[in-house]
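Reviewing the structure listed below.
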Amino acid sequence: MSLIEDIQAIIKESEEALVVCKDEEELDQTKNIYVGKKGKLTNVLKGLASLSVEEKKTIGKIANEAQVRIESFLETQRKKLKEEFYEVKLKAEIFDAMRPMPVNERGTLHPITQIQYEIEDIFTSMGFSIMDGPEVETDANNFGALNFTEDHPARDMQDTFYTTDGNLLRTHTSAIQARALRDLKPPFRMIAPGRVFRYEEVDASHENTFYQVEGMVVGENISIANLIYTMETLLSTVFRKTVKTRLRPGYFPFVEPGFELDIQCLVCHGNGCSVCKQSGWLELLPCGLIHPNVLSHANHDPKKWSGFAFGLGLDRLVMMRYGIGDIRYFQSGNLRFLKQF
């Protein structure tokens with residue numbers, strides 16, 4: 001057999017050997033058998049010594065081409081083995097970088113849901129009913145029925161997500177209060193927990209999707225004293241201790257007078273941090289006495305009936321309860337964070 005035939009036989013034999021290799025280690029071992037320093041192709045080339053110069057050039061070129069072909073075929077097989085390896089691995093394993101736990105492990109309630117249920121229990125123990133409403137609302141329910149003027153800044157596209165049909169994603173669960181005022185007969189007490197949406201610049205204490213629990217009491221001779229007592233009862237029960245609060249004037253179209261009830265930041269204990277914007281206080285509960293126009297709009301006589309309303313930022317309450325330093329954790333889907341609760 002001539003050297004050329006020997007080289008062609010080595011090419012065929014090497015490809016047959018490489019194609020049945022099961023892993024990269026076997027590929028490398030097979031490579032050494034055929035094109036290594038002591039490989040079959042190298043041994044064949046030892047026979048070049050007895051050939052003429054022209055024959056050496058011809059056979060040498062064929063040998064180089066054979067080596068390139070064998071190594072190229074080897075890399076093709078290596079790539080194929082890698083693809084098969086990862087395909088099998090992907091089918092056999094389920095891995096979620098945000099879920100470092102066994103797939104069959106039972107889930108838990110989100111911390112916001114846990115505190116929402118707790119707050120619902122607190123209010124139902126005080127005689128409040130729980131009401132719900134749609135997240136996509138009409139302008140009339142979200143703004144009009146709550147004494148917002150046509151030119152109020154909250155109606156601006158920069159604050160509110162509008163849909164193409166003229167509706168909007170509710171910016172507060174006060175829209176449920178508007179429905180309650182129409183549907184319920186005084187006296188009544190109700191709360192409205194739920195998800196709301198605003199066009200916000202997201203930071204440690206602001207999100208574009210967050211949760212509220214808004215509430216309302218309508219009856220005769222309802223005063224600010226009733227409001228303060230209810231809020232203090234809520235906060236002391238949630239935090240299981242007396243918390244430092246302050247009440248300051250605030251403007252909201254649907255209440256008069258209106259207040260901002262702030263809580264001393266429980267993340268930094270009043271020293272100042274990114275959550276409270278270095279102020280030591282966190283706005284938690286806008287509240288006030290229901291505006292007579294809102295009562296009149298729902299066909300309730302403001303001379304007979306009065307009431308108070310409040311809006312509780314549920315995310316911020318949970319942050320204060322557990323000392324969480326960034327509101328964005330809640331929507332992150334990071335189960336390492338959520339599993340702590």
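Quick note on naming: the chains in the structure tokens go A, B, ... in the order shown, residues restart at 1 in each chain, and ligands are numbered from 1 in order of appearance.
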
*Tell me, as a PyMOL selection string, which residues lie within 9 Å of A:Phe188, counting only C-alpha atoms; anything in the same chain fewer than 4 positions away does not count.*
chain A and resi 127-129+184+216-219

*Identify, on the basis of only C-alpha atoms, every residue whose closest approach to stretch 286-289 of chain A does not exceed 7 Å; exclude the query and any residue fewer than 2 positions from it along the same chain; express the result as a list of chain:residue names.*
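Residues meeting the cut-off are A:Ile224, A:Val255, A:Glu256, A:Pro257, A:Gly258, A:Phe259, A:Glu260, A:Leu261, A:Leu284, A:His291, A:Gly307, A:Phe308, A:Ala309, A:Phe310, A:Gly311.
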
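Rounded to one decimal, atom CA of A:Lys57 and atom CA of A:Asp28 lie 28.9 Å from each other.
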
*Looking only at strand (DSSP E or B) from DSSP on the backbone, list the matching residues of stretch 30-270 of chain A as JSON, numbers by chain.*
{"A": [129, 130, 136, 137, 162, 168, 169, 188, 189, 190, 191, 192, 193, 194, 195, 196, 197, 203, 206, 209, 210, 211, 212, 213, 214, 215, 216, 217, 218, 219, 245, 246, 247, 248, 249, 255, 256, 257, 258, 259, 260, 261, 262, 263, 264]}

*Could you name the residues that touch A:Leu295 at 10 Å or less, counting only C-alpha atoms, but leaving out those on the same chain fewer than 6 positions away, as a count of residues only?*
14

_To one decimal place in Å, what is the distance between atom CA of A:Arg321 and atom CA of A:Ala175?_
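These atoms are spaced 26.8 Å apart.
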
_Test item: residues at most 12 Å from A:Arg195, only C-alpha atoms, excluding those fewer than 4 positions along its chain, as a list in words_ = Ile112, Thr113, Gln116, Asp132, Gly133, Pro134, Glu135, Val136, Leu169, Arg170, Thr171, His172, Thr173, Ser174, Ala175, Ile176, Glu207, Asn208, Thr209, Phe210, Tyr211, Gln212, Val213, Glu214, Leu312, Gly313, Leu314, Asp315 and Gln331 of chain A

*To one decimal place, how far is atom CA of A:Leu266 from atom CA of A:Gly333 in Å?*
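If I compute the distance from atom CA of A:Leu266 to atom CA of A:Gly333, I get 24.1 Å.
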
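In terms of minimum interatomic distance to A:Glu220, A:Pro186 ranks closest within A:Pro186, A:Gly166, A:Pro249, A:Gly194, counting only C-alpha atoms.
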